[in-house]
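Dropping final_18.cif in here (mmCIF, C-alpha atoms and all ligand atoms; chains and numbers go by the auth columns):
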data_protein
loop_
_atom_site.group_PDB
_atom_site.id
_atom_site.type_symbol
_atom_site.label_atom_id
_atom_site.label_comp_id
_atom_site.label_asym_id
_atom_site.label_seq_id
_atom_site.Cartn_x
_atom_site.Cartn_y
_atom_site.Cartn_z
_atom_site.B_iso_or_equiv
_atom_site.auth_seq_id
_atom_site.auth_asym_id
ATOM 1 C CA MET A 1 0.000 0.000 0.000 0.00 23 A
ATOM 2 C CA GLY A 2 2.962 2.343 0.560 0.00 24 A
ATOM 3 C CA ALA A 3 3.514 2.343 -3.173 0.00 25 A
ATOM 4 C CA LEU A 4 0.120 3.924 -3.710 0.00 26 A
ATOM 5 C CA GLY A 5 1.230 7.493 -3.074 0.00 27 A
ATOM 6 C CA ILE A 6 4.317 7.084 -5.186 0.00 28 A
ATOM 7 C CA ALA A 7 2.392 5.636 -8.103 0.00 29 A
ATOM 8 C CA LEU A 8 0.004 8.505 -7.809 0.00 30 A
ATOM 9 C CA LEU A 9 2.686 11.165 -7.806 0.00 31 A
ATOM 10 C CA ALA A 10 4.366 9.461 -10.743 0.00 32 A
ATOM 11 C CA SER A 11 1.118 9.764 -12.684 0.00 33 A
ATOM 12 C CA THR A 12 1.059 13.526 -12.163 0.00 34 A
ATOM 13 C CA PRO A 13 1.104 15.247 -15.541 0.00 35 A
ATOM 14 C CA ALA A 14 4.610 16.497 -16.269 0.00 36 A
ATOM 15 C CA ALA A 15 3.409 19.779 -17.688 0.00 37 A
ATOM 16 C CA ILE A 16 2.214 21.449 -14.500 0.00 38 A
ATOM 17 C CA GLY A 17 2.960 25.133 -14.769 0.00 39 A
ATOM 18 C CA ALA A 18 4.321 27.488 -12.177 0.00 40 A
ATOM 19 C CA ASP A 19 0.812 27.936 -10.879 0.00 41 A
ATOM 20 C CA GLY A 20 -1.187 24.735 -11.320 0.00 42 A
ATOM 21 C CA SER A 21 -3.984 26.330 -9.380 0.00 43 A
ATOM 22 C CA GLY A 22 -4.442 28.786 -12.267 0.00 44 A
ATOM 23 C CA ASP A 23 -7.336 28.985 -14.668 0.00 45 A
ATOM 24 C CA PRO A 24 -9.841 26.226 -13.847 0.00 46 A
ATOM 25 C CA ALA A 25 -11.518 26.476 -17.255 0.00 47 A
ATOM 26 C CA VAL A 26 -12.147 23.128 -18.917 0.00 48 A
ATOM 27 C CA ALA A 27 -9.743 22.432 -21.795 0.00 49 A
ATOM 28 C CA SER A 28 -10.360 18.709 -22.316 0.00 50 A
ATOM 29 C CA GLU A 29 -12.533 15.808 -21.231 0.00 51 A
ATOM 30 C CA GLN A 30 -12.035 12.085 -20.761 0.00 52 A
ATOM 31 C CA ASP A 31 -15.280 10.206 -20.075 0.00 53 A
ATOM 32 C CA GLY A 32 -16.840 12.712 -17.692 0.00 54 A
ATOM 33 C CA LYS A 33 -13.543 13.809 -16.164 0.00 55 A
ATOM 34 C CA PHE A 34 -12.380 17.324 -16.995 0.00 56 A
ATOM 35 C CA PHE A 35 -8.924 18.896 -17.247 0.00 57 A
ATOM 36 C CA ASP A 36 -7.596 22.439 -17.490 0.00 58 A
ATOM 37 C CA ALA A 37 -5.120 23.616 -20.116 0.00 59 A
ATOM 38 C CA GLN A 38 -2.226 22.341 -17.981 0.00 60 A
ATOM 39 C CA GLY A 39 -3.702 18.877 -17.583 0.00 61 A
ATOM 40 C CA ASN A 40 -4.806 19.320 -13.964 0.00 62 A
ATOM 41 C CA PRO A 41 -8.193 17.878 -13.037 0.00 63 A
ATOM 42 C CA THR A 42 -10.904 20.517 -12.862 0.00 64 A
ATOM 43 C CA PHE A 43 -14.657 20.883 -12.348 0.00 65 A
ATOM 44 C CA LYS A 44 -17.412 21.491 -14.841 0.00 66 A
ATOM 45 C CA LYS A 45 -20.685 23.199 -14.109 0.00 67 A
ATOM 46 C CA ASP A 46 -23.474 23.387 -16.675 0.00 68 A
ATOM 47 C CA ALA A 47 -25.747 26.388 -17.124 0.00 69 A
ATOM 48 C CA ASP A 48 -28.538 24.569 -15.228 0.00 70 A
ATOM 49 C CA GLY A 49 -26.224 24.034 -12.235 0.00 71 A
ATOM 50 C CA THR A 50 -25.392 20.379 -12.901 0.00 72 A
ATOM 51 C CA VAL A 51 -21.847 19.584 -11.774 0.00 73 A
ATOM 52 C CA ASP A 52 -19.563 16.827 -13.045 0.00 74 A
ATOM 53 C CA TRP A 53 -19.393 13.536 -11.129 0.00 75 A
ATOM 54 C CA TYR A 54 -15.951 14.274 -9.651 0.00 76 A
ATOM 55 C CA THR A 55 -17.171 17.425 -7.947 0.00 77 A
ATOM 56 C CA LEU A 56 -19.889 15.452 -6.181 0.00 78 A
ATOM 57 C CA SER A 57 -17.520 12.605 -5.318 0.00 79 A
ATOM 58 C CA GLY A 58 -15.008 15.106 -3.956 0.00 80 A
ATOM 59 C CA PHE A 59 -17.718 16.754 -1.874 0.00 81 A
ATOM 60 C CA ARG A 60 -18.447 13.391 -0.253 0.00 82 A
ATOM 61 C CA ARG A 61 -14.812 12.487 0.364 0.00 83 A
ATOM 62 C CA TYR A 62 -13.913 15.929 1.654 0.00 84 A
ATOM 63 C CA HIS A 63 -16.687 15.754 4.204 0.00 85 A
ATOM 64 C CA ALA A 64 -15.722 12.227 5.255 0.00 86 A
ATOM 65 C CA GLU A 65 -11.971 12.819 5.622 0.00 87 A
ATOM 66 C CA CYS A 66 -11.007 16.487 5.738 0.00 88 A
ATOM 67 C CA HIS A 67 -13.772 18.673 7.071 0.00 89 A
ATOM 68 C CA THR A 68 -13.264 17.844 10.755 0.00 90 A
ATOM 69 C CA CYS A 69 -10.058 19.904 10.592 0.00 91 A
ATOM 70 C CA HIS A 70 -10.424 22.108 7.513 0.00 92 A
ATOM 71 C CA GLY A 71 -13.942 23.236 8.319 0.00 93 A
ATOM 72 C CA PRO A 72 -17.176 23.075 6.366 0.00 94 A
ATOM 73 C CA ALA A 73 -16.626 23.177 2.609 0.00 95 A
ATOM 74 C CA GLY A 74 -12.938 24.104 2.883 0.00 96 A
ATOM 75 C CA GLU A 75 -13.457 27.327 4.812 0.00 97 A
ATOM 76 C CA GLY A 76 -10.876 26.520 7.487 0.00 98 A
ATOM 77 C CA SER A 77 -10.948 26.268 11.268 0.00 99 A
ATOM 78 C CA THR A 78 -8.921 27.538 14.199 0.00 100 A
ATOM 79 C CA TYR A 79 -6.767 24.418 13.744 0.00 101 A
ATOM 80 C CA ALA A 80 -6.269 24.052 9.983 0.00 102 A
ATOM 81 C CA PRO A 81 -6.045 26.476 7.043 0.00 103 A
ATOM 82 C CA ALA A 82 -8.886 27.381 4.664 0.00 104 A
ATOM 83 C CA LEU A 83 -8.233 25.255 1.596 0.00 105 A
ATOM 84 C CA VAL A 84 -10.388 27.566 -0.520 0.00 106 A
ATOM 85 C CA GLN A 85 -7.634 30.124 0.118 0.00 107 A
ATOM 86 C CA SER A 86 -4.729 27.676 -0.290 0.00 108 A
ATOM 87 C CA LEU A 87 -5.893 26.527 -3.706 0.00 109 A
ATOM 88 C CA LYS A 88 -5.778 30.050 -5.108 0.00 110 A
ATOM 89 C CA THR A 89 -2.011 29.691 -5.311 0.00 111 A
ATOM 90 C CA MET A 90 -1.211 26.038 -4.637 0.00 112 A
ATOM 91 C CA PRO A 91 -0.294 23.880 -7.650 0.00 113 A
ATOM 92 C CA TYR A 92 -1.853 20.425 -7.770 0.00 114 A
ATOM 93 C CA ALA A 93 1.526 18.724 -7.282 0.00 115 A
ATOM 94 C CA ASP A 94 2.006 20.598 -3.987 0.00 116 A
ATOM 95 C CA PHE A 95 -1.522 19.726 -2.879 0.00 117 A
ATOM 96 C CA GLN A 96 -0.848 16.058 -3.594 0.00 118 A
ATOM 97 C CA ASN A 97 2.462 16.206 -1.793 0.00 119 A
ATOM 98 C CA VAL A 98 0.982 17.617 1.433 0.00 120 A
ATOM 99 C CA VAL A 99 -1.930 15.164 1.467 0.00 121 A
ATOM 100 C CA VAL A 100 0.250 12.139 0.697 0.00 122 A
ATOM 101 C CA ASN A 101 3.064 12.991 3.099 0.00 123 A
ATOM 102 C CA GLY A 102 1.420 15.219 5.683 0.00 124 A
ATOM 103 C CA ARG A 103 3.058 18.201 7.318 0.00 125 A
ATOM 104 C CA VAL A 104 3.889 19.220 10.866 0.00 126 A
ATOM 105 C CA ASN A 105 4.180 22.837 11.792 0.00 127 A
ATOM 106 C CA VAL A 106 5.660 23.612 15.168 0.00 128 A
ATOM 107 C CA GLY A 107 5.539 27.235 16.123 0.00 129 A
ATOM 108 C CA GLY A 108 4.186 29.702 18.639 0.00 130 A
ATOM 109 C CA GLY A 109 4.103 27.059 21.352 0.00 131 A
ATOM 110 C CA HIS A 110 1.640 24.735 19.635 0.00 132 A
ATOM 111 C CA GLU A 111 1.893 22.013 17.075 0.00 133 A
ATOM 112 C CA ASN A 112 -0.349 21.800 14.001 0.00 134 A
ATOM 113 C CA VAL A 113 -0.416 18.404 12.349 0.00 135 A
ATOM 114 C CA MET A 114 -1.624 17.658 8.866 0.00 136 A
ATOM 115 C CA PRO A 115 -1.789 13.841 8.871 0.00 137 A
ATOM 116 C CA SER A 116 -0.259 11.772 6.090 0.00 138 A
ATOM 117 C CA PHE A 117 -2.945 10.092 3.998 0.00 139 A
ATOM 118 C CA GLY A 118 -0.539 8.228 1.707 0.00 140 A
ATOM 119 C CA THR A 119 -1.738 4.798 2.826 0.00 141 A
ATOM 120 C CA ASN A 120 -5.432 5.653 3.162 0.00 142 A
ATOM 121 C CA PRO A 121 -7.300 4.424 0.073 0.00 143 A
ATOM 122 C CA ASN A 122 -10.386 6.447 1.053 0.00 144 A
ATOM 123 C CA VAL A 123 -8.308 9.529 0.325 0.00 145 A
ATOM 124 C CA MET A 124 -5.688 8.323 -2.191 0.00 146 A
ATOM 125 C CA CYS A 125 -8.282 6.798 -4.533 0.00 147 A
ATOM 126 C CA TYR A 126 -10.181 10.098 -4.562 0.00 148 A
ATOM 127 C CA LEU A 127 -7.445 12.720 -4.521 0.00 149 A
ATOM 128 C CA ASP A 128 -8.423 14.122 -7.925 0.00 150 A
ATOM 129 C CA ASP A 129 -12.037 14.242 -6.767 0.00 151 A
ATOM 130 C CA ILE A 130 -11.229 16.153 -3.569 0.00 152 A
ATOM 131 C CA TYR A 131 -9.063 18.583 -5.519 0.00 153 A
ATOM 132 C CA VAL A 132 -11.777 19.085 -8.151 0.00 154 A
ATOM 133 C CA TYR A 133 -14.353 19.788 -5.435 0.00 155 A
ATOM 134 C CA LEU A 134 -12.065 22.266 -3.663 0.00 156 A
ATOM 135 C CA ARG A 135 -11.302 23.952 -6.973 0.00 157 A
ATOM 136 C CA ALA A 136 -15.011 24.393 -7.570 0.00 158 A
ATOM 137 C CA ARG A 137 -15.337 25.856 -4.068 0.00 159 A
ATOM 138 C CA THR A 138 -12.339 28.149 -4.602 0.00 160 A
ATOM 139 C CA ALA A 139 -13.831 29.427 -7.853 0.00 161 A
ATOM 140 C CA GLY A 140 -17.199 29.976 -6.157 0.00 162 A
ATOM 141 C CA ALA A 141 -18.882 27.519 -8.546 0.00 163 A
ATOM 142 C CA VAL A 142 -20.473 25.533 -5.722 0.00 164 A
ATOM 143 C CA ASP A 143 -21.636 26.774 -2.345 0.00 165 A
ATOM 144 C CA ARG A 144 -21.399 25.013 1.023 0.00 166 A
ATOM 145 C CA ALA A 145 -24.247 22.602 0.388 0.00 167 A
ATOM 146 C CA ARG A 146 -24.108 19.278 -1.417 0.00 168 A
ATOM 147 C CA PRO A 147 -24.438 20.026 -5.152 0.00 169 A
ATOM 148 C CA ALA A 148 -28.110 19.587 -5.983 0.00 170 A
ATOM 149 C CA LYS A 149 -27.601 18.162 -9.464 0.00 171 A
ATOM 150 C CA ASN A 150 -24.721 16.071 -10.779 0.00 172 A
ATOM 151 C CA ALA A 151 -23.735 14.145 -13.878 0.00 173 A
ATOM 152 C CA PRO A 152 -24.004 10.344 -13.608 0.00 174 A
ATOM 153 C CA LYS A 153 -21.041 8.228 -12.508 0.00 175 A
ATOM 154 C CA PRO A 154 -18.792 7.609 -15.558 0.00 176 A
ATOM 155 C CA ALA A 155 -17.925 3.987 -16.349 0.00 177 A
ATOM 156 C CA SER A 156 -14.206 4.788 -16.151 0.00 178 A
ATOM 157 C CA PHE A 157 -14.679 6.178 -12.630 0.00 179 A
ATOM 158 C CA ALA A 158 -16.298 2.952 -11.458 0.00 180 A
ATOM 159 C CA GLU A 159 -13.481 0.884 -12.986 0.00 181 A
ATOM 160 C CA ALA A 160 -10.690 3.022 -11.545 0.00 182 A
ATOM 161 C CA GLU A 161 -12.381 3.005 -8.134 0.00 183 A
ATOM 162 C CA LYS A 162 -12.656 -0.761 -8.091 0.00 184 A
ATOM 163 C CA ALA A 163 -9.026 -1.205 -9.101 0.00 185 A
ATOM 164 C CA CYS A 164 -7.751 1.401 -6.625 0.00 186 A
ATOM 165 C CA MET A 165 -9.769 0.078 -3.695 0.00 187 A
ATOM 166 C CA GLY A 166 -8.459 -3.407 -4.468 0.00 188 A
ATOM 167 C CA HIS A 167 -11.770 -5.096 -5.228 0.00 189 A
HETATM 168 C C1 LIG B . -6.311 16.138 11.911 0.00 1 B
HETATM 169 C C2 LIG B . -6.628 17.376 11.228 0.00 1 B
HETATM 170 C C3 LIG B . -6.511 17.389 9.708 0.00 1 B
HETATM 171 C C4 LIG B . -7.160 16.580 8.795 0.00 1 B
HETATM 172 C C5 LIG B . -8.138 15.428 9.079 0.00 1 B
HETATM 173 C C6 LIG B . -6.780 17.061 7.489 0.00 1 B
HETATM 174 N N1 LIG B . -5.913 18.112 7.607 0.00 1 B
HETATM 175 FE FE1 LIG B . -5.009 19.112 6.077 0.00 1 B
HETATM 176 N N2 LIG B . -3.970 20.263 7.400 0.00 1 B
HETATM 177 C C7 LIG B . -4.110 20.203 8.777 0.00 1 B
HETATM 178 C C8 LIG B . -3.250 21.218 9.378 0.00 1 B
HETATM 179 C C9 LIG B . -3.122 21.506 10.865 0.00 1 B
HETATM 180 C C10 LIG B . -2.573 21.854 8.319 0.00 1 B
HETATM 181 C C11 LIG B . -1.530 22.964 8.429 0.00 1 B
HETATM 182 C C12 LIG B . -0.184 22.293 8.630 0.00 1 B
HETATM 183 C C13 LIG B . 0.919 23.300 8.665 0.00 1 B
HETATM 184 O O1 LIG B . 0.710 24.401 9.208 0.00 1 B
HETATM 185 O O2 LIG B . 2.007 22.991 8.147 0.00 1 B
HETATM 186 C C14 LIG B . -3.060 21.232 7.091 0.00 1 B
HETATM 187 C C15 LIG B . -2.632 21.606 5.825 0.00 1 B
HETATM 188 C C16 LIG B . -3.177 21.117 4.656 0.00 1 B
HETATM 189 C C17 LIG B . -2.812 21.572 3.341 0.00 1 B
HETATM 190 C C18 LIG B . -1.805 22.676 3.033 0.00 1 B
HETATM 191 C C19 LIG B . -2.528 23.984 3.009 0.00 1 B
HETATM 192 C C20 LIG B . -1.634 25.174 2.828 0.00 1 B
HETATM 193 O O3 LIG B . -2.173 26.282 2.693 0.00 1 B
HETATM 194 O O4 LIG B . -0.413 25.031 2.810 0.00 1 B
HETATM 195 C C21 LIG B . -3.575 20.880 2.442 0.00 1 B
HETATM 196 C C22 LIG B . -3.570 21.007 0.934 0.00 1 B
HETATM 197 C C23 LIG B . -4.414 19.981 3.208 0.00 1 B
HETATM 198 N N3 LIG B . -4.137 20.138 4.553 0.00 1 B
HETATM 199 C C24 LIG B . -5.340 19.136 2.650 0.00 1 B
HETATM 200 C C25 LIG B . -6.105 18.226 3.382 0.00 1 B
HETATM 201 C C26 LIG B . -7.026 17.289 2.790 0.00 1 B
HETATM 202 C C27 LIG B . -7.339 17.181 1.301 0.00 1 B
HETATM 203 C C28 LIG B . -7.566 16.544 3.800 0.00 1 B
HETATM 204 C C29 LIG B . -8.532 15.386 3.703 0.00 1 B
HETATM 205 C C30 LIG B . -8.103 14.282 2.877 0.00 1 B
HETATM 206 C C31 LIG B . -6.967 17.037 5.037 0.00 1 B
HETATM 207 N N4 LIG B . -6.109 18.045 4.742 0.00 1 B
HETATM 208 C C32 LIG B . -7.256 16.536 6.299 0.00 1 B
HETATM 209 C C33 LIG B . -4.931 19.355 9.491 0.00 1 B
HETATM 210 C C34 LIG B . -5.729 18.347 8.936 0.00 1 B
#
What do you get writing this file as structure tokens?
Ligand code: HEC
Amino acid sequence: MGALGIALLASTPAAIGADGSGDPAVASEQDGKFFDAQGNPTFKKDADGTVDWYTLSGFRRYHAECHTCHGPAGEGSTYAPALVQSLKTMPYADFQNVVVNGRVNVGGGHENVMPSFGTNPNVMCYLDDIYVYLRARTAGAVDRARPAKNAPKPASFAEAEKACMGH
């Protein structure tokens, strides 16, 4: 399982620019999964408010694994930073790195710990999804609530999920 994080980082598109958090506009699609011009996963929202499957999936995973520390919908808490602020400048590779490896910040007499999720399939198998959701939040495309309408689960998502979760 330790190889999971490494495999994932190795699959990171090589062409991430100086600011991978940049323009979230959709440049390409692969079976219901959307990418920006730099090849980073991104969200898609239709005129009627329907979001792509990954945004919904990321909403679920964020609330299961991250929101206890990072606050509702990425808005931050007294303990952990607001990810809707972080993602304004944080490239996807850096995001992945912190989530896979964790980070400990000791300062001002207290210790803030971002746990390492590198061996947690409930996070590693959905890292793109969580990032896509937080990108949508950062761009103001979705509010705090669960997206009301979403695209159906793509076949490729179901396959990748099965393989990643080891079923
Ligand atoms: C136990 C509490 C906790 C949980 C759960 C947690 N985090 Fe964190 N996270 C932190 C803390 C504290 C920091 C700040 C660490 C520091 O100051 O170096 C942090 C930092 C981060 C950063 C860096 C932000 C920045 O501006 O540099 C990212 C990205 C991040 N977390 C993503 C996530 C994601 C995604 C999840 C869910 C899979 C998650 N975290 C779950 C506590 C947590």
If the limit is 7 Å from any atom of ligand LIG 1 (chain B), counting all atoms listed in the file, which residues qualify? Return them as a PyMOL selection string.
chain A and resi 84+87-92+101-103+105+108+117+120-121+125-127+134-137+139+145+152
Convert the current residue selection to file output with C-alpha atoms, as a PDB file, in the coordinates of the input.
ATOM      1  CA  TYR A  84     -13.913  15.929   1.654  1.00  0.00           C
ATOM      2  CA  GLU A  87     -11.971  12.819   5.622  1.00  0.00           C
ATOM      3  CA  CYS A  88     -11.007  16.487   5.738  1.00  0.00           C
ATOM      4  CA  HIS A  89     -13.772  18.673   7.071  1.00  0.00           C
ATOM      5  CA  THR A  90     -13.264  17.844  10.755  1.00  0.00           C
ATOM      6  CA  CYS A  91     -10.058  19.904  10.592  1.00  0.00           C
ATOM      7  CA  HIS A  92     -10.424  22.108   7.513  1.00  0.00           C
ATOM      8  CA  TYR A 101      -6.767  24.418  13.744  1.00  0.00           C
ATOM      9  CA  ALA A 102      -6.269  24.052   9.983  1.00  0.00           C
ATOM     10  CA  PRO A 103      -6.045  26.476   7.043  1.00  0.00           C
ATOM     11  CA  LEU A 105      -8.233  25.255   1.596  1.00  0.00           C
ATOM     12  CA  SER A 108      -4.729  27.676  -0.290  1.00  0.00           C
ATOM     13  CA  PHE A 117      -1.522  19.726  -2.879  1.00  0.00           C
ATOM     14  CA  VAL A 120       0.982  17.617   1.433  1.00  0.00           C
ATOM     15  CA  VAL A 121      -1.930  15.164   1.467  1.00  0.00           C
ATOM     16  CA  ARG A 125       3.058  18.201   7.318  1.00  0.00           C
ATOM     17  CA  VAL A 126       3.889  19.220  10.866  1.00  0.00           C
ATOM     18  CA  ASN A 127       4.180  22.837  11.792  1.00  0.00           C
ATOM     19  CA  ASN A 134      -0.349  21.800  14.001  1.00  0.00           C
ATOM     20  CA  VAL A 135      -0.416  18.404  12.349  1.00  0.00           C
ATOM     21  CA  MET A 136      -1.624  17.658   8.866  1.00  0.00           C
ATOM     22  CA  PRO A 137      -1.789  13.841   8.871  1.00  0.00           C
ATOM     23  CA  PHE A 139      -2.945  10.092   3.998  1.00  0.00           C
ATOM     24  CA  VAL A 145      -8.308   9.529   0.325  1.00  0.00           C
ATOM     25  CA  ILE A 152     -11.229  16.153  -3.569  1.00  0.00           C
TER      26      ILE A 152
END
Compile the contact shell of Pro176 of chain A as a ChimeraX atom specification: residues with an atom at most 10 Å away, counting all atoms listed in the file, same-chain residues fewer than 3 positions apart removed.
/A:52-55,74-76,173,179-181
Given the selection you just returned, output its residues as a file containing C-alpha atoms, formatted as a PDB file, in the coordinates of the input.
ATOM      1  CA  GLN A  52     -12.035  12.085 -20.761  1.00  0.00           C
ATOM      2  CA  ASP A  53     -15.280  10.206 -20.075  1.00  0.00           C
ATOM      3  CA  GLY A  54     -16.840  12.712 -17.692  1.00  0.00           C
ATOM      4  CA  LYS A  55     -13.543  13.809 -16.164  1.00  0.00           C
ATOM      5  CA  ASP A  74     -19.563  16.827 -13.045  1.00  0.00           C
ATOM      6  CA  TRP A  75     -19.393  13.536 -11.129  1.00  0.00           C
ATOM      7  CA  TYR A  76     -15.951  14.274  -9.651  1.00  0.00           C
ATOM      8  CA  ALA A 173     -23.735  14.145 -13.878  1.00  0.00           C
ATOM      9  CA  PHE A 179     -14.679   6.178 -12.630  1.00  0.00           C
ATOM     10  CA  ALA A 180     -16.298   2.952 -11.458  1.00  0.00           C
ATOM     11  CA  GLU A 181     -13.481   0.884 -12.986  1.00  0.00           C
TER      12      GLU A 181
END
Kindly give the distance, in Å, that separates atom CA of Glu183 of chain A and atom CA of Met146 of chain A, rounded to a single decimal.
10.4 Å
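Note that the spacing between atom CA of Leu109 of chain A and atom CA of Gly124 of chain A amounts to 16.4 Å.
What the PyMOL selection byres (((chain A and resi 49) around 7) and not hetatm) grabs from this file is Ala47, Val48, Ser50, Phe57, Asp58 and Ala59 of chain A.
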In terms of the shortest atom-to-atom distance over all atoms listed in the file, which of A:His132, A:Lys175, A:Cys186, A:Tyr155 is closest to His85 of chain A?
A:Tyr155
Taking all atoms of segment 99-103 of chain A that the file lists, what box with edges along x, y and z, padded by 8 Å per side, do you get, with centre and edge lengths in Å to one decimal, as AutoDock Vina command-line options?
--center_x -8.5 --center_y 25.8 --center_z 10.6 --size_x 20.9 --size_y 19.5 --size_z 23.2
When distances are computed from all atoms listed in the file, which of A:Asn62, A:Ala95, A:Lys184, A:Val164 shows the smallest separation from Arg83 of chain A?
A:Ala95
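In this model, the gap between atom CA of Val154 of chain A and atom CA of Asp45 of chain A comes to 12.7 Å.
Evaluated against the shown file, the PyMOL selection byres (((chain A and resi 107) around 10) and not hetatm) gives Gly96, Glu97, Gly98, Pro103, Ala104, Leu105, Val106, Ser108, Leu109, Lys110, Thr111, Met112, Leu156, Arg159 and Thr160 of chain A.
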Using C-alpha atoms, can you export the residues from the last selection as a compact mmCIF listing (two decimals), in the frame of the given file?
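Generated output (result.txt):
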# COMPACT_ATOMS: atom_id res chain seq x y z
CA GLY A 96 -12.94 24.10 2.88
CA GLU A 97 -13.46 27.33 4.81
CA GLY A 98 -10.88 26.52 7.49
CA PRO A 103 -6.04 26.48 7.04
CA ALA A 104 -8.89 27.38 4.66
CA LEU A 105 -8.23 25.26 1.60
CA VAL A 106 -10.39 27.57 -0.52
CA SER A 108 -4.73 27.68 -0.29
CA LEU A 109 -5.89 26.53 -3.71
CA LYS A 110 -5.78 30.05 -5.11
CA THR A 111 -2.01 29.69 -5.31
CA MET A 112 -1.21 26.04 -4.64
CA LEU A 156 -12.06 22.27 -3.66
CA ARG A 159 -15.34 25.86 -4.07
CA THR A 160 -12.34 28.15 -4.60
Lys67 of chain A proximity check over A:Ser99, A:Asn172, A:Asn142, A:Asn119, using all atoms listed in the file: winner is A:Asn172
Repaired coordinates for segment 86-106 of chain A (N, CA and C atoms) as a PDB file, in the frame of the given file:
ATOM      1  N   ALA A  86     -16.034  13.415   4.467  1.00  0.00           N
ATOM      2  CA  ALA A  86     -15.722  12.227   5.255  1.00  0.00           C
ATOM      3  C   ALA A  86     -14.334  12.316   5.896  1.00  0.00           C
ATOM      4  N   GLU A  87     -13.372  12.943   5.204  1.00  0.00           N
ATOM      5  CA  GLU A  87     -11.971  12.819   5.622  1.00  0.00           C
ATOM      6  C   GLU A  87     -11.294  14.126   6.030  1.00  0.00           C
ATOM      7  N   CYS A  88     -11.767  15.240   5.572  1.00  0.00           N
ATOM      8  CA  CYS A  88     -11.007  16.487   5.738  1.00  0.00           C
ATOM      9  C   CYS A  88     -11.734  17.545   6.569  1.00  0.00           C
ATOM     10  N   HIS A  89     -13.049  17.504   6.556  1.00  0.00           N
ATOM     11  CA  HIS A  89     -13.772  18.673   7.071  1.00  0.00           C
ATOM     12  C   HIS A  89     -13.683  18.815   8.584  1.00  0.00           C
ATOM     13  N   THR A  90     -13.395  17.720   9.297  1.00  0.00           N
ATOM     14  CA  THR A  90     -13.264  17.844  10.755  1.00  0.00           C
ATOM     15  C   THR A  90     -12.184  18.868  11.106  1.00  0.00           C
ATOM     16  N   CYS A  91     -11.126  18.930  10.321  1.00  0.00           N
ATOM     17  CA  CYS A  91     -10.058  19.904  10.592  1.00  0.00           C
ATOM     18  C   CYS A  91     -10.159  21.153   9.719  1.00  0.00           C
ATOM     19  N   HIS A  92     -10.468  20.971   8.439  1.00  0.00           N
ATOM     20  CA  HIS A  92     -10.424  22.108   7.513  1.00  0.00           C
ATOM     21  C   HIS A  92     -11.747  22.863   7.399  1.00  0.00           C
ATOM     22  N   GLY A  93     -12.703  22.475   8.257  1.00  0.00           N
ATOM     23  CA  GLY A  93     -13.942  23.236   8.319  1.00  0.00           C
ATOM     24  C   GLY A  93     -14.908  22.898   7.210  1.00  0.00           C
ATOM     25  N   PRO A  94     -16.151  23.373   7.361  1.00  0.00           N
ATOM     26  CA  PRO A  94     -17.176  23.075   6.366  1.00  0.00           C
ATOM     27  C   PRO A  94     -16.776  23.624   4.996  1.00  0.00           C
ATOM     28  N   ALA A  95     -16.821  22.752   3.994  1.00  0.00           N
ATOM     29  CA  ALA A  95     -16.626  23.177   2.609  1.00  0.00           C
ATOM     30  C   ALA A  95     -15.299  23.904   2.371  1.00  0.00           C
ATOM     31  N   GLY A  96     -14.279  23.565   3.144  1.00  0.00           N
ATOM     32  CA  GLY A  96     -12.938  24.104   2.883  1.00  0.00           C
ATOM     33  C   GLY A  96     -12.682  25.486   3.436  1.00  0.00           C
ATOM     34  N   GLU A  97     -13.566  25.942   4.341  1.00  0.00           N
ATOM     35  CA  GLU A  97     -13.457  27.327   4.812  1.00  0.00           C
ATOM     36  C   GLU A  97     -12.476  27.515   5.964  1.00  0.00           C
ATOM     37  N   GLY A  98     -11.889  26.409   6.450  1.00  0.00           N
ATOM     38  CA  GLY A  98     -10.876  26.520   7.487  1.00  0.00           C
ATOM     39  C   GLY A  98     -11.447  26.488   8.890  1.00  0.00           C
ATOM     40  N   SER A  99     -10.551  26.310   9.862  1.00  0.00           N
ATOM     41  CA  SER A  99     -10.948  26.268  11.268  1.00  0.00           C
ATOM     42  C   SER A  99      -9.827  26.928  12.068  1.00  0.00           C
ATOM     43  N   THR A 100      -9.987  26.970  13.375  1.00  0.00           N
ATOM     44  CA  THR A 100      -8.921  27.538  14.199  1.00  0.00           C
ATOM     45  C   THR A 100      -7.682  26.649  14.126  1.00  0.00           C
ATOM     46  N   TYR A 101      -7.879  25.379  13.741  1.00  0.00           N
ATOM     47  CA  TYR A 101      -6.767  24.418  13.744  1.00  0.00           C
ATOM     48  C   TYR A 101      -6.070  24.299  12.394  1.00  0.00           C
ATOM     49  N   ALA A 102      -6.840  24.333  11.311  1.00  0.00           N
ATOM     50  CA  ALA A 102      -6.269  24.052   9.983  1.00  0.00           C
ATOM     51  C   ALA A 102      -6.691  25.113   8.969  1.00  0.00           C
ATOM     52  N   PRO A 103      -5.810  25.368   7.982  1.00  0.00           N
ATOM     53  CA  PRO A 103      -6.045  26.476   7.043  1.00  0.00           C
ATOM     54  C   PRO A 103      -7.265  26.269   6.135  1.00  0.00           C
ATOM     55  N   ALA A 104      -7.777  27.392   5.616  1.00  0.00           N
ATOM     56  CA  ALA A 104      -8.886  27.381   4.664  1.00  0.00           C
ATOM     57  C   ALA A 104      -8.347  26.938   3.308  1.00  0.00           C
ATOM     58  N   LEU A 105      -8.755  25.769   2.865  1.00  0.00           N
ATOM     59  CA  LEU A 105      -8.233  25.255   1.596  1.00  0.00           C
ATOM     60  C   LEU A 105      -8.765  26.037   0.406  1.00  0.00           C
ATOM     61  N   VAL A 106      -9.900  26.717   0.579  1.00  0.00           N
ATOM     62  CA  VAL A 106     -10.388  27.566  -0.520  1.00  0.00           C
ATOM     63  C   VAL A 106      -9.477  28.779  -0.720  1.00  0.00           C
TER      64      VAL A 106
END
